[in-house]
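Just final.tsv here, TSV, C-alpha atoms:
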```
chain	number	residue	atom	x	y	z
A	3	MET	CA	17.34	37.56	-19.69
A	4	ALA	CA	14.40	39.54	-18.33
A	5	ALA	CA	12.46	38.61	-21.45
A	6	ILE	CA	13.11	34.93	-20.81
A	7	PHE	CA	11.60	35.08	-17.34
A	8	GLN	CA	8.72	37.25	-18.48
A	9	GLY	CA	7.93	34.59	-21.05
A	10	VAL	CA	7.93	31.86	-18.44
A	11	GLY	CA	5.84	34.02	-16.13
A	12	ALA	CA	3.30	34.66	-18.87
A	13	ALA	CA	2.96	30.93	-19.49
A	14	ALA	CA	2.50	30.39	-15.77
A	15	ALA	CA	-0.21	33.02	-15.62
A	16	LEU	CA	-2.25	31.14	-18.22
A	17	SER	CA	-2.27	27.99	-16.10
A	18	SER	CA	-4.28	27.53	-12.95
A	19	SER	CA	-1.67	26.89	-10.32
A	20	PRO	CA	-2.80	25.02	-7.21
A	21	SER	CA	-2.77	26.59	-3.82
A	22	ASN	CA	0.58	26.81	-2.09
A	23	SER	CA	-0.81	26.37	1.40
A	24	PHE	CA	-0.64	23.11	3.24
A	25	GLY	CA	-1.69	22.00	6.69
A	26	SER	CA	0.21	19.99	9.24
A	27	LYS	CA	-2.26	17.12	8.91
A	28	LYS	CA	-0.94	16.35	5.44
A	29	PHE	CA	2.60	15.71	6.54
A	30	VAL	CA	3.79	12.12	6.50
A	31	SER	CA	6.27	10.89	9.07
A	32	SER	CA	9.16	8.72	7.89
A	33	PRO	CA	10.20	5.46	9.55
A	34	CYS	CA	13.79	4.23	9.47
A	35	ARG	CA	14.61	2.23	6.38
A	36	PRO	CA	17.62	0.34	5.02
A	37	PHE	CA	20.04	2.30	2.96
A	38	SER	CA	22.94	2.04	0.55
A	39	VAL	CA	26.00	4.27	0.62
A	40	ARG	CA	28.40	4.71	-2.25
A	41	LYS	CA	31.55	6.76	-1.92
A	42	GLY	CA	33.43	7.57	-5.09
A	43	ALA	CA	35.63	4.71	-6.26
A	44	SER	CA	35.25	2.86	-2.96
A	45	PHE	CA	31.87	2.04	-1.49
A	46	ALA	CA	29.97	-0.14	0.92
A	47	VAL	CA	26.37	-1.22	0.46
A	48	VAL	CA	24.51	-1.97	3.70
A	49	ARG	CA	21.52	-4.19	2.92
A	50	SER	CA	18.37	-4.90	4.91
A	51	ASP	CA	19.59	-8.37	5.92
A	52	GLY	CA	22.74	-6.99	7.49
A	53	ARG	CA	25.08	-8.14	4.70
A	54	VAL	CA	27.72	-5.68	3.54
A	55	ASN	CA	29.19	-5.64	0.02
A	56	LEU	CA	32.62	-4.03	0.14
A	57	ASN	CA	34.64	-2.69	-2.75
A	58	PRO	CA	38.13	-4.15	-2.25
A	59	LYS	CA	39.61	-0.80	-3.24
A	60	GLY	CA	37.85	0.95	-0.38
A	61	ARG	CA	39.96	0.53	2.75
A	62	ARG	CA	37.95	2.95	4.87
A	63	ALA	CA	34.67	1.40	3.77
A	64	GLN	CA	35.59	-1.64	5.87
A	65	GLN	CA	35.28	0.48	9.01
A	66	LEU	CA	31.49	0.69	8.58
A	67	ILE	CA	29.44	-1.25	11.08
A	68	SER	CA	27.54	-3.97	9.25
A	69	ASN	CA	24.23	-3.01	10.84
A	70	ALA	CA	24.04	0.74	11.34
A	71	VAL	CA	20.44	0.76	12.61
A	72	ALA	CA	19.70	0.39	16.29
A	73	THR	CA	17.86	-2.64	17.60
A	74	LYS	CA	14.36	-1.13	17.74
A	75	SER	CA	14.29	-0.72	13.95
A	76	ASP	CA	15.73	-4.10	12.95
A	77	SER	CA	12.42	-5.89	12.42
A	78	ALA	CA	11.06	-3.04	10.31
A	79	ALA	CA	14.15	-3.07	8.11
A	80	ALA	CA	13.95	-6.81	7.52
A	81	SER	CA	10.53	-6.52	5.88
A	82	SER	CA	11.25	-3.43	3.77
A	83	SER	CA	11.45	-5.35	0.53
A	84	SER	CA	7.73	-6.17	0.75
A	85	LYS	CA	6.63	-2.58	1.38
A	86	PRO	CA	4.80	-0.62	-1.33
A	87	GLY	CA	6.58	2.22	-3.06
A	88	HIS	CA	9.76	2.48	-5.09
A	89	GLU	CA	13.45	2.62	-4.24
A	90	LEU	CA	15.43	5.74	-5.08
A	91	LEU	CA	18.86	7.11	-4.35
A	92	LEU	CA	18.83	10.44	-2.55
A	93	PHE	CA	19.80	12.45	-5.62
A	94	GLU	CA	17.05	10.68	-7.57
A	95	ALA	CA	14.53	11.56	-4.85
A	96	LEU	CA	15.52	15.22	-5.11
A	97	GLN	CA	15.17	15.02	-8.89
A	98	GLU	CA	11.76	13.34	-8.64
A	99	GLY	CA	10.48	15.95	-6.21
A	100	LEU	CA	11.74	18.80	-8.38
A	101	GLU	CA	10.27	17.27	-11.53
A	102	GLU	CA	6.88	16.75	-9.89
A	103	GLU	CA	6.76	20.36	-8.75
A	104	MET	CA	7.74	21.61	-12.21
A	105	GLU	CA	4.88	19.57	-13.67
A	106	ARG	CA	2.49	20.83	-11.00
A	107	ASP	CA	3.34	24.54	-11.27
A	108	LEU	CA	4.59	26.27	-14.44
A	109	ARG	CA	6.12	29.02	-12.32
A	110	VAL	CA	8.83	26.66	-11.03
A	111	CYS	CA	12.13	27.05	-12.88
A	112	VAL	CA	15.73	25.97	-12.28
A	113	MET	CA	18.96	27.87	-12.77
A	114	GLY	CA	22.61	27.27	-12.03
A	115	GLU	CA	25.88	26.04	-13.46
A	116	ASP	CA	25.56	22.90	-15.63
A	117	VAL	CA	21.97	22.26	-14.50
A	118	GLY	CA	20.73	21.97	-18.10
A	119	HIS	CA	21.62	19.21	-20.53
A	120	TYR	CA	24.54	18.06	-18.35
A	121	GLY	CA	22.06	17.41	-15.54
A	122	GLY	CA	23.95	19.04	-12.69
A	123	SER	CA	27.18	18.01	-11.01
A	124	TYR	CA	25.35	15.37	-8.96
A	125	LYS	CA	22.62	14.70	-11.54
A	126	VAL	CA	19.80	16.22	-9.50
A	127	THR	CA	18.51	18.00	-12.62
A	128	LYS	CA	19.15	15.11	-15.02
A	129	GLY	CA	16.60	15.00	-17.84
A	130	LEU	CA	14.78	18.19	-16.82
A	131	ALA	CA	16.12	20.36	-19.64
A	132	LYS	CA	15.01	17.83	-22.25
A	133	LYS	CA	11.55	17.60	-20.68
A	134	PHE	CA	10.88	21.24	-19.80
A	135	GLY	CA	13.14	23.15	-22.18
A	136	ASP	CA	15.91	25.71	-21.81
A	137	LEU	CA	13.57	28.48	-20.65
A	138	ARG	CA	12.72	26.66	-17.42
A	139	VAL	CA	16.06	24.89	-16.87
A	140	LEU	CA	18.61	27.62	-17.39
A	141	ASP	CA	22.36	27.05	-17.59
A	142	THR	CA	24.23	30.04	-16.18
A	143	PRO	CA	27.82	31.30	-16.34
A	144	ILE	CA	30.14	30.70	-13.39
A	145	ALA	CA	28.80	33.76	-11.58
A	146	GLU	CA	27.08	32.82	-8.32
A	147	ASN	CA	26.36	36.40	-7.24
A	148	SER	CA	24.71	37.15	-10.59
A	149	PHE	CA	22.46	34.12	-11.00
A	150	SER	CA	21.48	34.12	-7.31
A	151	GLY	CA	20.39	37.74	-7.68
A	152	MET	CA	18.62	36.84	-10.92
A	153	GLY	CA	16.74	34.10	-9.08
A	154	ILE	CA	15.71	36.47	-6.30
A	155	GLY	CA	14.48	38.97	-8.91
A	156	ALA	CA	12.54	36.22	-10.67
A	157	ALA	CA	10.90	35.29	-7.35
A	158	MET	CA	9.87	38.93	-6.85
A	159	THR	CA	8.03	38.85	-10.18
A	160	GLY	CA	6.01	35.76	-9.25
A	161	LEU	CA	8.14	32.83	-10.37
A	162	ARG	CA	9.40	30.06	-8.06
A	163	PRO	CA	13.06	29.58	-8.96
A	164	VAL	CA	15.25	26.78	-7.65
A	165	VAL	CA	18.87	27.94	-7.65
A	166	GLU	CA	21.56	25.26	-7.53
A	167	GLY	CA	24.95	26.05	-6.09
A	168	MET	CA	27.43	23.57	-7.53
A	169	ASN	CA	29.02	23.57	-4.07
A	170	MET	CA	27.83	25.38	-0.96
A	171	GLY	CA	31.26	26.95	-0.62
A	172	PHE	CA	30.71	28.74	-3.92
A	173	LEU	CA	27.57	30.38	-2.54
A	174	LEU	CA	29.78	32.56	-0.35
A	175	LEU	CA	30.19	34.60	-3.53
A	176	ALA	CA	26.41	35.15	-3.47
A	177	PHE	CA	26.17	35.95	0.24
A	178	ASN	CA	25.33	39.60	-0.41
A	179	GLN	CA	22.38	38.70	-2.65
A	180	ILE	CA	21.10	35.98	-0.30
A	181	SER	CA	21.41	38.15	2.81
A	182	ASN	CA	20.64	41.71	1.77
A	183	ASN	CA	18.05	40.83	-0.86
A	184	GLY	CA	16.74	37.28	-0.42
A	185	GLY	CA	16.28	37.48	3.32
A	186	MET	CA	15.26	41.10	3.69
A	187	LEU	CA	13.20	42.24	0.68
A	188	HIS	CA	9.88	41.03	2.07
A	189	TYR	CA	10.48	43.22	5.13
A	190	THR	CA	12.13	46.21	3.47
A	191	SER	CA	9.39	46.37	0.82
A	192	GLY	CA	6.73	46.54	3.53
A	193	GLY	CA	5.34	43.18	2.47
A	194	GLN	CA	4.92	44.18	-1.19
A	195	PHE	CA	7.16	41.31	-2.34
A	196	THR	CA	7.47	37.70	-1.34
A	197	ILE	CA	10.61	35.77	-2.24
A	198	PRO	CA	9.59	32.13	-2.87
A	199	ILE	CA	13.05	30.90	-3.85
A	200	VAL	CA	14.88	27.66	-3.05
A	201	ILE	CA	18.67	27.73	-2.90
A	202	ARG	CA	20.12	24.23	-2.75
A	203	GLY	CA	23.35	22.33	-3.27
A	204	PRO	CA	25.93	19.96	-1.78
A	205	GLY	CA	28.10	20.71	1.21
A	206	GLY	CA	29.85	19.01	4.09
A	207	VAL	CA	33.05	17.03	4.35
A	208	GLY	CA	33.40	14.63	1.41
A	209	ARG	CA	36.18	12.20	0.64
A	210	GLN	CA	39.39	14.20	0.27
A	211	LEU	CA	37.84	17.12	-1.57
A	212	GLY	CA	40.10	19.65	0.10
A	213	ALA	CA	39.31	22.56	2.39
A	214	GLU	CA	37.44	24.79	-0.07
A	215	HIS	CA	35.11	21.98	-1.20
A	216	SER	CA	34.49	20.66	2.31
A	217	GLN	CA	32.70	23.68	3.78
A	218	ARG	CA	30.02	23.47	6.46
A	219	LEU	CA	28.23	26.76	5.98
A	220	GLU	CA	24.96	26.12	7.80
A	221	SER	CA	25.75	28.58	10.58
A	222	TYR	CA	26.72	31.29	8.07
A	223	PHE	CA	23.22	31.34	6.61
A	224	GLN	CA	21.48	30.67	9.93
A	225	SER	CA	22.27	34.21	11.05
A	226	ILE	CA	20.39	35.81	8.13
A	227	PRO	CA	16.95	37.18	9.15
A	228	GLY	CA	14.13	36.02	6.89
A	229	ILE	CA	15.78	32.82	5.66
A	230	GLN	CA	14.52	29.30	6.42
A	231	MET	CA	16.99	26.40	6.42
A	232	VAL	CA	16.49	22.65	6.21
A	233	ALA	CA	18.94	19.76	5.86
A	234	CYS	CA	17.89	16.49	4.22
A	235	SER	CA	19.31	13.17	5.37
A	236	THR	CA	17.26	10.44	3.65
A	237	PRO	CA	15.70	10.02	0.20
A	238	TYR	CA	12.27	10.25	1.86
A	239	ASN	CA	12.82	13.60	3.53
A	240	ALA	CA	14.94	14.90	0.64
A	241	LYS	CA	11.97	14.65	-1.70
A	242	GLY	CA	9.46	15.86	0.89
A	243	LEU	CA	11.56	18.86	1.91
A	244	MET	CA	12.30	19.79	-1.71
A	245	LYS	CA	8.59	19.87	-2.57
A	246	ALA	CA	7.67	21.79	0.59
A	247	ALA	CA	10.48	24.32	0.04
A	248	ILE	CA	9.29	25.02	-3.51
A	249	ARG	CA	5.72	25.58	-2.29
A	250	SER	CA	6.80	27.85	0.57
A	251	GLU	CA	6.40	31.62	0.28
A	252	ASN	CA	9.70	32.09	2.14
A	253	PRO	CA	13.27	31.87	0.81
A	254	VAL	CA	14.51	28.41	1.80
A	255	ILE	CA	18.06	27.06	1.79
A	256	LEU	CA	18.17	23.27	1.36
A	257	PHE	CA	21.43	21.70	2.52
A	258	GLU	CA	22.41	18.41	0.92
A	259	HIS	CA	25.43	16.39	2.02
A	260	VAL	CA	27.85	15.36	-0.67
A	261	LEU	CA	28.28	11.85	0.82
A	262	LEU	CA	24.55	11.09	1.06
A	263	TYR	CA	23.56	11.40	-2.62
A	264	ASN	CA	23.86	7.63	-3.19
A	265	LEU	CA	21.88	6.67	-0.11
A	266	LYS	CA	19.04	4.33	-1.12
A	267	GLU	CA	15.58	4.09	0.45
A	268	ARG	CA	12.07	3.00	-0.44
A	269	ILE	CA	9.68	5.96	-0.64
A	270	PRO	CA	5.90	6.09	-1.18
A	271	ASP	CA	4.38	6.19	-4.64
A	272	GLU	CA	1.76	8.71	-3.55
A	273	ASP	CA	2.44	12.44	-3.32
A	274	TYR	CA	3.67	13.76	0.02
A	275	ILE	CA	5.54	16.68	1.56
A	276	CYS	CA	7.49	17.15	4.80
A	277	ASN	CA	6.99	19.97	7.26
A	278	LEU	CA	9.79	22.51	6.89
A	279	GLU	CA	9.71	23.29	10.61
A	280	GLU	CA	9.43	19.79	12.05
A	281	ALA	CA	12.14	17.51	13.45
A	282	GLU	CA	12.09	13.75	12.86
A	283	MET	CA	12.07	11.21	15.68
A	284	VAL	CA	14.56	8.64	14.37
A	285	ARG	CA	14.72	6.42	17.46
A	286	PRO	CA	12.65	6.78	20.65
A	287	GLY	CA	14.56	6.30	23.89
A	288	GLU	CA	14.63	7.09	27.60
A	289	HIS	CA	18.18	7.80	28.78
A	290	VAL	CA	19.59	10.65	26.66
A	291	THR	CA	18.45	12.92	23.81
A	292	ILE	CA	20.84	12.98	20.85
A	293	LEU	CA	20.18	15.86	18.45
A	294	THR	CA	21.79	15.63	15.02
A	295	TYR	CA	21.20	16.24	11.31
A	296	SER	CA	22.46	15.37	7.82
A	297	ARG	CA	25.38	12.91	7.61
A	298	MET	CA	25.90	12.77	11.37
A	299	ARG	CA	22.54	11.01	11.66
A	300	TYR	CA	24.26	7.86	10.42
A	301	HIS	CA	27.25	8.24	12.72
A	302	VAL	CA	24.80	8.55	15.60
A	303	MET	CA	22.87	5.46	14.54
A	304	GLN	CA	26.10	3.48	14.31
A	305	ALA	CA	26.90	4.59	17.84
A	306	ALA	CA	23.35	3.75	18.94
A	307	LYS	CA	23.91	0.10	18.06
A	308	THR	CA	26.86	-0.02	20.44
A	309	LEU	CA	25.01	1.94	23.13
A	310	VAL	CA	22.03	-0.42	23.03
A	311	ASN	CA	24.37	-3.38	23.47
A	312	LYS	CA	25.83	-1.63	26.51
A	313	GLY	CA	22.42	-1.13	28.09
A	314	TYR	CA	21.74	2.48	27.14
A	315	ASP	CA	18.52	3.66	25.49
A	316	PRO	CA	19.28	6.81	23.45
A	317	GLU	CA	16.60	8.92	21.83
A	318	VAL	CA	17.78	10.13	18.42
A	319	ILE	CA	16.23	13.19	16.77
A	320	ASP	CA	17.12	14.46	13.31
A	321	ILE	CA	16.38	18.16	13.76
A	322	ARG	CA	16.08	18.67	9.94
A	323	SER	CA	14.90	22.28	10.38
A	324	LEU	CA	18.05	24.31	11.11
A	325	LYS	CA	16.04	27.52	11.26
A	326	PRO	CA	13.71	27.67	13.04
A	327	PHE	CA	14.34	24.81	15.48
A	328	ASP	CA	11.45	22.51	16.31
A	329	LEU	CA	11.51	23.30	20.03
A	330	TYR	CA	8.27	21.39	20.59
A	331	THR	CA	9.80	18.04	19.64
A	332	ILE	CA	13.16	18.88	21.21
A	333	GLY	CA	11.54	20.13	24.43
A	334	ASN	CA	9.37	17.05	24.90
A	335	SER	CA	12.43	14.85	24.52
A	336	VAL	CA	14.47	16.90	27.01
A	337	LYS	CA	11.64	16.71	29.54
A	338	LYS	CA	11.70	12.91	29.20
A	339	THR	CA	15.43	12.13	29.17
A	340	HIS	CA	16.86	15.16	31.06
A	341	ARG	CA	20.16	14.82	29.18
A	342	VAL	CA	21.21	16.24	25.80
A	343	LEU	CA	24.02	15.42	23.40
A	344	ILE	CA	24.36	17.41	20.17
A	345	VAL	CA	26.28	15.84	17.28
A	346	GLU	CA	27.05	17.99	14.24
A	347	GLU	CA	29.50	18.28	11.39
A	348	CYS	CA	29.40	22.07	11.58
A	349	MET	CA	32.27	23.97	13.18
A	350	ARG	CA	32.26	24.19	16.95
A	351	THR	CA	32.65	27.97	17.15
A	352	GLY	CA	29.37	29.64	16.22
A	353	GLY	CA	27.91	26.43	14.78
A	354	ILE	CA	24.39	25.00	14.77
A	355	GLY	CA	25.21	23.23	18.04
A	356	ALA	CA	25.99	26.52	19.74
A	357	SER	CA	22.58	27.88	18.72
A	358	LEU	CA	20.88	24.70	19.93
A	359	ILE	CA	22.62	24.92	23.32
A	360	ALA	CA	21.43	28.51	23.69
A	361	ALA	CA	17.84	27.63	22.75
A	362	ILE	CA	17.66	24.58	25.06
A	363	THR	CA	19.26	26.41	27.97
A	364	GLU	CA	16.88	29.33	27.59
A	365	ASN	CA	13.73	27.21	27.33
A	366	PHE	CA	14.36	23.91	29.14
A	367	ASN	CA	17.17	24.51	31.60
A	368	ASP	CA	15.09	23.39	34.60
A	369	TYR	CA	14.61	19.94	33.06
A	370	LEU	CA	18.32	19.20	32.61
A	371	ASP	CA	20.10	16.86	35.02
A	372	ALA	CA	23.50	17.33	33.37
A	373	PRO	CA	25.26	19.98	31.27
A	374	ILE	CA	24.56	19.84	27.54
A	375	MET	CA	27.39	18.21	25.58
A	376	CYS	CA	28.18	19.09	21.97
A	377	LEU	CA	30.40	17.16	19.57
A	378	SER	CA	31.41	19.26	16.56
A	379	SER	CA	34.02	19.34	13.84
A	380	GLN	CA	37.32	20.92	14.76
A	381	ASP	CA	37.89	24.58	14.00
A	382	VAL	CA	40.41	23.93	11.25
A	383	PRO	CA	40.29	23.92	7.44
A	384	THR	CA	39.46	20.36	6.37
A	385	PRO	CA	42.73	18.59	5.50
A	386	TYR	CA	43.13	16.83	2.16
A	387	ALA	CA	44.87	13.79	3.70
A	388	GLY	CA	42.23	11.14	4.41
A	389	THR	CA	43.47	10.20	7.88
A	390	LEU	CA	43.63	13.82	8.99
A	391	GLU	CA	40.26	14.59	7.42
A	392	GLU	CA	38.67	11.78	9.43
A	393	VAL	CA	40.10	13.13	12.68
A	394	THR	CA	38.44	16.53	12.17
A	395	VAL	CA	34.93	14.98	12.00
A	396	VAL	CA	32.98	13.38	14.88
A	397	GLN	CA	33.22	9.56	14.81
A	398	PRO	CA	30.82	6.98	16.35
A	399	ALA	CA	33.28	6.02	19.10
A	400	GLN	CA	33.30	9.62	20.35
A	401	ILE	CA	29.50	9.59	20.53
A	402	VAL	CA	29.52	6.40	22.61
A	403	THR	CA	32.05	7.90	25.03
A	404	ALA	CA	30.04	11.13	25.36
A	405	VAL	CA	26.81	9.27	26.16
A	406	GLU	CA	28.58	7.18	28.79
A	407	GLN	CA	29.87	10.36	30.44
A	408	LEU	CA	26.44	12.02	30.34
A	409	CYS	CA	24.68	9.02	31.88
A	410	GLN	CA	27.11	8.50	34.78
```
This entry written out as structure tokens:
Amino acid sequence: MAAIFQGVGAAAALSSSPSNSFGSKKFVSSPCRPFSVRKGASFAVVRSDGRVNLNPKGRRAQQLISNAVATKSDSAAASSSSKPGHELLLFEALQEGLEEEMERDLRVCVMGEDVGHYGGSYKVTKGLAKKFGDLRVLDTPIAENSFSGMGIGAAMTGLRPVVEGMNMGFLLLAFNQISNNGGMLHYTSGGQFTIPIVIRGPGGVGRQLGAEHSQRLESYFQSIPGIQMVACSTPYNAKGLMKAAIRSENPVILFEHVLLYNLKERIPDEDYICNLEEAEMVRPGEHVTILTYSRMRYHVMQAAKTLVNKGYDPEVIDIRSLKPFDLYTIGNSVKKTHRVLIVEECMRTGGIGASLIAAITENFNDYLDAPIMCLSSQDVPTPYAGTLEEVTVVQPAQIVTAVEQLCQ
């Protein structure tokens, strides 16, 4: 196996790889765009004109609000079909970003279970093995601790591996490698090694996947020194964050939500990256700051439609960077609205929301006119039964109620 990576590294050394540095002026902000959501055998497609196509087999799909984008973005959504660019599903955007980086830099390689000719469980690596060969797209045994450690070792030798966890819950088996080696080797080696590795894969509560496949492990990895974490929520930022993570000199964990892979959006044709440490302003507002990320972004935007109709003006921020937090964007919003609601799918005890509350209280407590509220998933294993599963996750109606309480 060492010979395989030495061979790839030798090929990379013969090519002139472009610089890995990038400035903040190159980052492109992403406006809200229409999207499509597909969920297993039952799905709903929300189109830019507000029409909803429902699969008759999908009973819960009928609960979706027909227009999940708040009023301020409606006019922009209506004209999306005339915008330049191309439409991609989120998993296709991840694949496009990964493919572009593999073309750009011969040091980039992929490893994980079924990532080769099968194309990955969610097809993020589809076609890459045929294009780049088995040396750069490496199928591994079912041994997360082993191939995660192999990826970290490859990064130490100068490669830029992208390690796919078939499910984020499986990466608990690799926690020792990610924590004790991936996060710490740059420090414990006295700066002799950098670890430019990306560890990515699906997580979150799906559709009746059971407790072990419905893990929200963001807070587990947040506590590891030396690790950066980002969570994608749209095809635009999925591609931009993937490319930026691969170019970063730090170990980066990219969280993808299992229910967002079939989200559709128009993205630019030109090359772009997203800042790994920058939050996204989804909807400007005046009355309350709502901080969220990943799938909960869409629950919040559904709630925002109702809140706007009730006379409230919420400001919605997708924090994207789970470590470190973008306290500049968050702080400016808190200074404007003076009220904060955090909406997350992570567990309430020791979750991302708890860390956000601590950071906001420490830095912006004097600007708050009300206690910070946090809506999180319940501290229980995710039930298999669909009705019980839904109860454990924050729903739009709860967000509306929380905002009404905060703004009293």
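Across the model, the gap from CA of Gln224 in chain A to CA of Thr339 in chain A is 27.4 Å.
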List every residue of range 236-268 of chain A that has an atom at most 12 Å from any atom of range 198-216 of chain A, and for each one report the closest atom pair and its distance in Å to one decimal, counting only C-alpha atoms, with rows sorted by chain and then by increasing residue number, as a Markdown table.
```
| residue | atom | partner | partner_atom | distance |
| --- | --- | --- | --- | --- |
| A:Ala240 | CA | A:Arg202 | CA | 11.2 |
| A:Leu243 | CA | A:Val200 | CA | 10.6 |
| A:Met244 | CA | A:Val200 | CA | 8.4 |
| A:Lys245 | CA | A:Val200 | CA | 10.0 |
| A:Ala246 | CA | A:Val200 | CA | 10.0 |
| A:Ala247 | CA | A:Val200 | CA | 6.3 |
| A:Ile248 | CA | A:Val200 | CA | 6.2 |
| A:Arg249 | CA | A:Pro198 | CA | 7.6 |
| A:Ser250 | CA | A:Pro198 | CA | 6.2 |
| A:Glu251 | CA | A:Pro198 | CA | 4.5 |
| A:Asn252 | CA | A:Pro198 | CA | 5.0 |
| A:Pro253 | CA | A:Ile199 | CA | 4.8 |
| A:Val254 | CA | A:Val200 | CA | 4.9 |
| A:Ile255 | CA | A:Ile201 | CA | 4.8 |
| A:Leu256 | CA | A:Arg202 | CA | 4.6 |
| A:Phe257 | CA | A:Arg202 | CA | 6.0 |
| A:Glu258 | CA | A:Pro204 | CA | 4.7 |
| A:His259 | CA | A:Gly205 | CA | 5.1 |
| A:Val260 | CA | A:Pro204 | CA | 5.1 |
| A:Leu261 | CA | A:Gly208 | CA | 5.9 |
| A:Leu262 | CA | A:Pro204 | CA | 9.4 |
| A:Tyr263 | CA | A:Pro204 | CA | 8.9 |
```
- Item | Minimum-distance residue to Glu102 in chain A, chosen among A:Leu219, A:Ala157, A:Ile275, A:Leu137 (using only C-alpha atoms) |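 Distance minimum relative to Glu102 in chain A lands on A:Ile275.
Closest approach to Ser335 in chain A among A:Gly228, A:Gly171, A:Pro286, A:Gly185 is made by A:Pro286 (distances from only C-alpha atoms).
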- Task: Go ahead and compute the interatomic distance for CA of Glu346 in chain A and CA of His301 in chain A, in Å to one decimal.
- Result: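 If I compute the distance from CA of Glu346 in chain A to CA of His301 in chain A, I get 9.9 Å.
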- Query: CA of Leu377 in chain A to CA of Val396 in chain A: how many Å, to one decimal?
  - Reply: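 Atom-to-atom, CA of Leu377 in chain A and CA of Val396 in chain A are spaced 6.6 Å apart.
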- Leaving out Asp381 in chain A and any residue of its chain fewer than 5 positions from it, which residues lie within 8 Å of it when counting all atoms listed in the file, given as a list in words?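 The neighbour list is Met349, Arg350 and Thr351 of chain A.
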Could you turn the residues from that selection into a file that holds C-alpha atoms, as a CSV table (one decimal), in the frame of the given file?
```
chain,number,residue,atom,x,y,z
A,349,MET,CA,32.3,24.0,13.2
A,350,ARG,CA,32.3,24.2,17.0
A,351,THR,CA,32.6,28.0,17.2
```
- Item | range 116-118 of chain A environment, 12 Å, all atoms listed in the file, sequence neighbours closer than 5 positions dropped, as a ChimeraX atom specification | /A:97,111,123-144,164-168,203
- Item | From A:Val290, A:Ala281, A:Met186, A:Leu175, residue lying nearest Glu406 in chain A [only C-alpha atoms] |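 Of the candidates, the smallest distance to Glu406 in chain A is held by A:Val290.
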